[in-house]
>>> print(open('target-v8.pdb').read())   # PDB, C-alpha atoms and all ligand atoms
ATOM      1  CA  MET D   1       0.000   0.000   0.000
ATOM      2  CA  GLY D   2       2.942   2.256   0.688
ATOM      3  CA  LYS D   3       3.918   2.049  -2.965
ATOM      4  CA  LEU D   4       0.562   3.281  -4.258
ATOM      5  CA  ASN D   5       0.281   6.728  -5.756
ATOM      6  CA  THR D   6      -2.584   9.164  -5.393
ATOM      7  CA  GLY D   7      -5.489   7.882  -7.507
ATOM      8  CA  ASP D   8      -4.308   4.232  -7.522
ATOM      9  CA  SER D   9      -6.733   1.660  -6.186
ATOM     10  CA  LEU D  10      -6.653  -1.721  -4.484
ATOM     11  CA  TYR D  11      -8.409  -4.737  -5.993
ATOM     12  CA  ALA D  12      -9.851  -5.710  -2.631
ATOM     13  CA  LEU D  13      -9.447  -5.048   1.072
ATOM     14  CA  VAL D  14     -10.560  -7.365   3.885
ATOM     15  CA  GLY D  15     -11.048  -6.294   7.444
ATOM     16  CA  PRO D  16     -11.218  -5.543  10.204
ATOM     17  CA  LEU D  17     -12.296  -9.077  11.075
ATOM     18  CA  GLY D  18     -13.189 -10.489  14.469
ATOM     19  CA  HIS D  19     -15.966  -9.491  16.846
ATOM     20  CA  ALA D  20     -16.638  -6.147  18.441
ATOM     21  CA  THR D  21     -16.564  -5.813  22.230
ATOM     22  CA  GLU D  22     -19.986  -6.293  23.769
ATOM     23  CA  ILE D  23     -20.842  -2.988  25.381
ATOM     24  CA  LYS D  24     -23.814  -3.039  27.731
ATOM     25  CA  LYS D  25     -24.731  -2.419  31.343
ATOM     26  CA  TYR D  26     -23.013  -5.086  33.486
ATOM     27  CA  GLY D  27     -23.206  -3.087  36.733
ATOM     28  CA  LYS D  28     -19.746  -3.131  38.268
ATOM     29  CA  VAL D  29     -16.851  -3.775  35.936
ATOM     30  CA  ILE D  30     -13.107  -4.201  36.521
ATOM     31  CA  LEU D  31     -10.834  -3.297  33.613
ATOM     32  CA  ILE D  32      -7.214  -4.390  33.738
ATOM     33  CA  GLY D  33      -4.514  -3.134  31.410
ATOM     34  CA  GLY D  34      -0.910  -4.276  31.383
ATOM     35  CA  GLY D  35       1.823  -2.547  29.360
ATOM     36  CA  VAL D  36       0.576  -1.643  25.871
ATOM     37  CA  GLY D  37      -2.673  -3.449  26.714
ATOM     38  CA  ILE D  38      -3.575  -0.220  28.553
ATOM     39  CA  ALA D  39      -4.135   1.438  25.163
ATOM     40  CA  GLU D  40      -6.539  -1.350  24.234
ATOM     41  CA  ILE D  41      -8.660  -1.076  27.362
ATOM     42  CA  TYR D  42      -9.080   2.699  27.010
ATOM     43  CA  PRO D  43     -11.849   2.760  24.340
ATOM     44  CA  VAL D  44     -13.569  -0.189  26.039
ATOM     45  CA  THR D  45     -13.459   1.575  29.416
ATOM     46  CA  LYS D  46     -14.891   4.751  27.925
ATOM     47  CA  ALA D  47     -17.699   2.893  26.189
ATOM     48  CA  LEU D  48     -18.563   0.856  29.296
ATOM     49  CA  LYS D  49     -18.637   4.034  31.366
ATOM     50  CA  GLU D  50     -20.972   5.670  28.845
ATOM     51  CA  ALA D  51     -23.188   2.578  29.079
ATOM     52  CA  GLY D  52     -23.694   3.365  32.780
ATOM     53  CA  ASN D  53     -21.305   0.907  34.425
ATOM     54  CA  HIS D  54     -19.358   1.475  37.640
ATOM     55  CA  ILE D  55     -15.735   1.305  36.529
ATOM     56  CA  THR D  56     -12.748   0.043  38.510
ATOM     57  CA  THR D  57      -9.523   0.301  36.540
ATOM     58  CA  ILE D  58      -6.232  -1.403  37.344
ATOM     59  CA  LEU D  59      -3.170  -0.451  35.327
ATOM     60  CA  GLY D  60       0.197  -2.157  35.457
ATOM     61  CA  ALA D  61       3.584  -1.445  33.940
ATOM     62  CA  ARG D  62       7.131  -2.584  34.512
ATOM     63  CA  THR D  63       8.170   0.900  35.611
ATOM     64  CA  LYS D  64       6.707   4.421  35.908
ATOM     65  CA  ASP D  65       8.052   5.596  32.528
ATOM     66  CA  LEU D  66       6.156   2.851  30.722
ATOM     67  CA  LEU D  67       2.771   3.698  32.226
ATOM     68  CA  ILE D  68       0.493   5.242  29.586
ATOM     69  CA  LEU D  69      -2.944   6.921  29.445
ATOM     70  CA  GLU D  70      -3.213   7.258  33.215
ATOM     71  CA  LYS D  71      -4.947  10.658  33.116
ATOM     72  CA  GLU D  72      -7.377   9.571  30.396
ATOM     73  CA  LEU D  73      -8.360   6.360  32.137
ATOM     74  CA  LYS D  74      -8.670   8.032  35.525
ATOM     75  CA  ALA D  75     -11.182  10.440  33.969
ATOM     76  CA  VAL D  76     -13.526   7.573  33.054
ATOM     77  CA  SER D  77     -13.028   5.466  36.201
ATOM     78  CA  ASP D  78     -14.872   5.428  39.515
ATOM     79  CA  GLU D  79     -12.037   3.566  41.241
ATOM     80  CA  PHE D  80      -8.466   3.606  40.034
ATOM     81  CA  HIS D  81      -5.326   1.614  40.878
ATOM     82  CA  THR D  82      -1.835   1.514  39.430
ATOM     83  CA  THR D  83       0.965  -0.970  39.954
ATOM     84  CA  THR D  84       4.565  -1.116  38.802
ATOM     85  CA  ASP D  85       6.809  -4.172  38.957
ATOM     86  CA  ASP D  86       9.661  -2.132  40.451
ATOM     87  CA  GLY D  87       7.538   0.021  42.781
ATOM     88  CA  SER D  88       8.552   3.264  41.030
ATOM     89  CA  TYR D  89       4.885   4.341  40.928
ATOM     90  CA  GLY D  90       1.655   3.199  42.548
ATOM     91  CA  LYS D  91       1.649  -0.109  44.351
ATOM     92  CA  LYS D  92       4.714  -2.320  43.932
ATOM     93  CA  GLY D  93       3.658  -5.592  42.372
ATOM     94  CA  PHE D  94       1.282  -6.850  39.733
ATOM     95  CA  VAL D  95      -2.235  -5.999  38.610
ATOM     96  CA  THR D  96      -3.360  -9.377  39.878
ATOM     97  CA  ASP D  97      -2.300  -8.415  43.433
ATOM     98  CA  VAL D  98      -4.817  -5.570  43.356
ATOM     99  CA  LEU D  99      -7.425  -7.749  41.645
ATOM    100  CA  GLN D 100      -7.044 -10.409  44.312
ATOM    101  CA  GLU D 101      -7.463  -7.790  47.047
ATOM    102  CA  LEU D 102     -10.628  -6.473  45.415
ATOM    103  CA  LEU D 103     -12.017  -9.977  45.087
ATOM    104  CA  ASN D 104     -11.071 -10.909  48.651
ATOM    105  CA  HIS D 105     -11.900  -7.733  50.494
ATOM    106  CA  GLY D 106     -13.920  -5.522  48.196
ATOM    107  CA  PRO D 107     -17.624  -5.045  48.418
ATOM    108  CA  SER D 108     -19.308  -8.332  47.695
ATOM    109  CA  THR D 109     -17.455 -10.087  44.886
ATOM    110  CA  VAL D 110     -20.666 -11.239  43.266
ATOM    111  CA  ASP D 111     -21.442  -7.597  42.459
ATOM    112  CA  TYR D 112     -18.968  -7.598  39.591
ATOM    113  CA  GLY D 113     -20.652  -8.239  36.275
ATOM    114  CA  LEU D 114     -17.504  -8.331  34.180
ATOM    115  CA  ILE D 115     -13.715  -8.397  34.401
ATOM    116  CA  TYR D 116     -11.948  -7.392  31.209
ATOM    117  CA  ALA D 117      -8.172  -7.694  30.812
ATOM    118  CA  VAL D 118      -5.619  -6.972  28.095
ATOM    119  CA  GLY D 119      -1.879  -7.307  28.450
ATOM    120  CA  PRO D 120       0.946  -9.822  28.276
ATOM    121  CA  ILE D 121      -0.164 -13.455  28.146
ATOM    122  CA  PRO D 122       1.232 -14.325  31.632
ATOM    123  CA  MET D 123      -0.762 -11.414  33.068
ATOM    124  CA  MET D 124      -4.012 -12.491  31.395
ATOM    125  CA  LYS D 125      -3.410 -16.089  32.434
ATOM    126  CA  ASN D 126      -3.011 -14.969  36.058
ATOM    127  CA  VAL D 127      -6.197 -12.895  35.828
ATOM    128  CA  ALA D 128      -7.978 -16.024  34.586
ATOM    129  CA  SER D 129      -6.670 -18.016  37.572
ATOM    130  CA  ALA D 130      -7.650 -15.267  40.018
ATOM    131  CA  THR D 131     -11.253 -15.119  38.806
ATOM    132  CA  ARG D 132     -11.829 -18.818  38.064
ATOM    133  CA  ASP D 133     -13.341 -19.678  41.449
ATOM    134  CA  SER D 134     -15.439 -16.538  41.691
ATOM    135  CA  LYS D 135     -17.237 -17.424  38.434
ATOM    136  CA  ILE D 136     -17.232 -13.740  37.424
ATOM    137  CA  LYS D 137     -17.423 -13.401  33.647
ATOM    138  CA  THR D 138     -13.831 -12.686  32.588
ATOM    139  CA  ILE D 139     -12.936 -11.643  29.071
ATOM    140  CA  VAL D 140      -9.424 -11.240  27.670
ATOM    141  CA  SER D 141      -8.318  -9.889  24.304
ATOM    142  CA  LEU D 142      -5.602 -12.133  22.901
ATOM    143  CA  ASN D 143      -2.475 -10.957  21.112
ATOM    144  CA  THR D 144      -1.706 -14.203  19.342
ATOM    145  CA  LEU D 145       0.748 -14.469  16.450
ATOM    146  CA  MET D 146      -0.967 -13.422  13.231
ATOM    147  CA  VAL D 147       0.098 -13.561   9.594
ATOM    148  CA  ASP D 148      -2.794 -12.947   7.190
ATOM    149  CA  ALA D 149      -5.472 -12.108   9.802
ATOM    150  CA  THR D 150      -8.169 -13.384   7.438
ATOM    151  CA  GLY D 151      -8.686 -16.847   8.898
ATOM    152  CA  MET D 152      -6.628 -18.634   6.242
ATOM    153  CA  CYS D 153      -3.112 -19.213   7.638
ATOM    154  CA  GLY D 154      -4.073 -20.766  10.978
ATOM    155  CA  CYS D 155      -1.228 -19.001  12.748
ATOM    156  CA  CYS D 156      -3.464 -17.440  15.398
ATOM    157  CA  ARG D 157      -5.220 -20.635  16.444
ATOM    158  CA  VAL D 158      -6.164 -21.094  20.075
ATOM    159  CA  THR D 159      -8.072 -23.800  21.881
ATOM    160  CA  ILE D 160     -11.176 -22.521  23.622
ATOM    161  CA  GLY D 161     -13.132 -25.030  25.668
ATOM    162  CA  GLY D 162     -11.528 -27.845  23.674
ATOM    163  CA  VAL D 163     -12.464 -26.333  20.315
ATOM    164  CA  VAL D 164      -9.952 -24.769  17.903
ATOM    165  CA  LYS D 165     -10.666 -21.116  17.141
ATOM    166  CA  PHE D 166      -8.849 -18.451  15.171
ATOM    167  CA  SER D 167      -8.169 -15.255  17.101
ATOM    168  CA  CYS D 168      -8.389 -13.071  14.010
ATOM    169  CA  VAL D 169     -11.913 -14.080  13.014
ATOM    170  CA  ASP D 170     -13.406 -15.706  16.129
ATOM    171  CA  GLY D 171     -11.759 -13.337  18.629
ATOM    172  CA  PRO D 172      -9.777 -11.480  19.641
ATOM    173  CA  GLU D 173     -11.840 -11.636  22.844
ATOM    174  CA  PHE D 174     -12.478 -14.948  24.570
ATOM    175  CA  ASP D 175     -13.779 -16.218  27.886
ATOM    176  CA  ALA D 176     -10.570 -16.419  29.958
ATOM    177  CA  SER D 177     -11.730 -19.518  31.841
ATOM    178  CA  LEU D 178     -11.996 -21.562  28.624
ATOM    179  CA  ILE D 179      -8.583 -20.789  27.107
ATOM    180  CA  ASP D 180      -5.893 -23.460  26.935
ATOM    181  CA  TRP D 181      -3.244 -21.115  28.337
ATOM    182  CA  ASP D 182      -0.335 -23.566  28.290
ATOM    183  CA  GLU D 183      -0.825 -24.225  24.578
ATOM    184  CA  LEU D 184      -1.125 -20.496  23.893
ATOM    185  CA  VAL D 185       2.130 -19.743  25.730
ATOM    186  CA  LYS D 186       3.906 -22.470  23.737
ATOM    187  CA  ARG D 187       2.517 -21.314  20.381
ATOM    188  CA  ASN D 188       3.483 -17.689  21.004
ATOM    189  CA  ARG D 189       7.081 -18.779  21.554
ATOM    190  CA  ILE D 190       7.394 -20.629  18.224
ATOM    191  CA  TYR D 191       9.446 -17.878  16.581
ATOM    192  CA  GLU D 192      11.211 -16.644  19.722
ATOM    193  CA  SER D 193      14.736 -17.566  18.549
ATOM    194  CA  LYS D 194      14.133 -15.932  15.133
ATOM    195  CA  GLU D 195      12.674 -12.812  16.794
ATOM    196  CA  LYS D 196      15.792 -12.535  18.978
ATOM    197  CA  HIS D 197      17.997 -13.069  15.928
ATOM    198  CA  ILE D 198      16.238 -10.225  14.066
ATOM    199  CA  CYS D 199      16.496  -7.970  17.148
ATOM    200  CA  ASN D 200      20.221  -8.641  17.310
ATOM    201  CA  LEU D 201      20.601  -7.933  13.581
ATOM    202  CA  THR D 202      18.817  -4.597  13.882
ATOM    203  CA  LYS D 203      20.997  -3.631  16.854
ATOM    204  CA  SER D 204      24.264  -4.431  15.080
TER     205      SER D 204
HETATM  206  S1  LIG I 301      -3.860 -14.815  11.412
HETATM  207 FE1  LIG I 301      -4.032 -16.348   9.944
HETATM  208  S2  LIG I 301      -5.806 -17.433  10.488
HETATM  209 FE2  LIG I 301      -5.686 -15.816  11.897
END
>>> encode(input="target-v8.pdb", output="structure tokens")
Amino acid sequence: MGKLNTGDSLYALVGPLGHATEIKKYGKVILIGGGVGIAEIYPVTKALKEAGNHITTILGARTKDLLILEKELKAVSDEFHTTTDDGSYGKKGFVTDVLQELLNHGPSTVDYGLIYAVGPIPMMKNVASATRDSKIKTIVSLNTLMVDATGMCGCCRVTIGGVVKFSCVDGPEFDASLIDWDELVKRNRIYESKEKHICNLTKS
């Protein structure tokens, strides 16, 4: 597309595929963003707030400098928490520490209608473990490997409740309790050595 000139046209364009986030009144909602996943939860948080939900937001980053959109998300949240791995800002620790506290000590856990999380796979996996027993509906948006993003290459496949799905057309959001997390972690590491090799090449 970068090589096209003004007035040129494409034969066809597919996308965006996948399903839109279901925005409705859930009551009390917890939104969790980790790293660049914070950017992804922002429009969802805004829309859920506009739909009349009570919003609790938990943001996490490795360090203060990597924390993004704090002001914007605070403006659409009723309750707000931040964590950093190194303790340089907010609570030292992980988003799941705060989530666990809310679930253990917050106002009745059953009040939460939805927990929505986007971030690194280990973070989303831990959110899934934290909410499994509470039976609160927990949705994550997966950042699987993708090549064509049209449902043809199979690169983004995940197992959901024992059934193979493609993140690009069936997702990217899935019920966190149904995801085969161990398989997902393994699949996302398939090209790790090549990714490191390319990183090293670009550095040298
Ligand atoms: S990215 Fe190829 S099938 Fe989803």
>>> closest_residue(input="target-v8.pdb", among="D:Ser9, D:Ser167, D:Ser177, D:Thr96", to="ligand LIG 301 (chain I)", atoms="all atoms listed in the file")
D:Ser167
>>> atom_distance(input="target-v8.pdb", atom1="atom CA of D:Leu99", atom2="atom CA of D:Lys24")
22.0 Å
>>> residues_near_ligand(input="target-v8.pdb", ligand="ligand LIG 301 (chain I)", cutoff="8 Å", atoms="all atoms listed in the file", output="JSON list (two decimals) with C-alpha atoms, keeping the file's coordinate frame")
[["chain", "number", "residue", "atom", "x", "y", "z"],
["D", 145, "LEU", "CA", 0.75, -14.47, 16.45],
["D", 146, "MET", "CA", -0.97, -13.42, 13.23],
["D", 147, "VAL", "CA", 0.10, -13.56, 9.59],
["D", 148, "ASP", "CA", -2.79, -12.95, 7.19],
["D", 149, "ALA", "CA", -5.47, -12.11, 9.80],
["D", 150, "THR", "CA", -8.17, -13.38, 7.44],
["D", 151, "GLY", "CA", -8.69, -16.85, 8.90],
["D", 152, "MET", "CA", -6.63, -18.63, 6.24],
["D", 153, "CYS", "CA", -3.11, -19.21, 7.64],
["D", 154, "GLY", "CA", -4.07, -20.77, 10.98],
["D", 155, "CYS", "CA", -1.23, -19.00, 12.75],
["D", 156, "CYS", "CA", -3.46, -17.44, 15.40],
["D", 157, "ARG", "CA", -5.22, -20.64, 16.44],
["D", 166, "PHE", "CA", -8.85, -18.45, 15.17],
["D", 167, "SER", "CA", -8.17, -15.26, 17.10],
["D", 168, "CYS", "CA", -8.39, -13.07, 14.01],
["D", 169, "VAL", "CA", -11.91, -14.08, 13.01]]
>>> closest_atom_pairs(input="target-v8.pdb", of="stretch 116-182 of chain D", to="stretch 47-63 of chain D", cutoff="10 Å", atoms="all atoms listed in the file", output="Markdown table")
| residue | atom | partner | partner_atom | distance |
| --- | --- | --- | --- | --- |
| D:Tyr116 | CA | D:Thr57 | CA | 9.7 |
| D:Ala117 | CA | D:Ile58 | CA | 9.3 |
| D:Gly119 | CA | D:Gly60 | CA | 8.9 |
| D:Met123 | CA | D:Gly60 | CA | 9.6 |
>>> atom_distance(input="target-v8.pdb", atom1="atom CA of D:Tyr191", atom2="atom CA of D:Leu142")
17.3 Å
>>> closest_residue(input="target-v8.pdb", among="D:Ile115, D:Ile190, D:Val163, D:Ile41", to="D:Leu178", atoms="all atoms listed in the file")
D:Val163
>>> resolve_selection(input="target-v8.pdb", expression="the PyMOL selection byres (((chain D and resi 89) around 12) and not hetatm)", output="ChimeraX atom specification")
/D:59-67,70,81-88,90-94
>>> atom_distance(input="target-v8.pdb", atom1="atom CA of D:Val118", atom2="atom CA of D:Leu13")
27.4 Å
>>> closest_residue(input="target-v8.pdb", among="D:Val36, D:Val164, D:Leu73, D:Ile179", to="D:Lys125", atoms="only C-alpha atoms")
D:Ile179
>>> closest_residue(input="target-v8.pdb", among="D:Ala12, D:Ile121, D:Gly113, D:Ala130", to="D:Val98", atoms="all atoms listed in the file")
D:Ala130
>>> axis_aligned_box(input="target-v8.pdb", around="stretch 141-145 of chain D", padding_each_side="3 Å", output="JSON")
{"center_x": -3.8, "center_y": -12.2, "center_z": 20.4, "size_x": 15.1, "size_y": 10.6, "size_z": 13.9}
>>> resolve_selection(input="target-v8.pdb", expression="the PyMOL selection byres (((chain D and resi 132) around 12) and not hetatm)", output="PyMOL selection string")
chain D and resi 100+103+115+125-131+133-139+175-179
>>> residues_around(input="target-v8.pdb", residues="D:Tyr112", least_positions_apart="2", cutoff="8 Å", atoms="only C-alpha atoms", output="PyMOL selection string")
chain D and resi 26-30+109-110+114-115+136
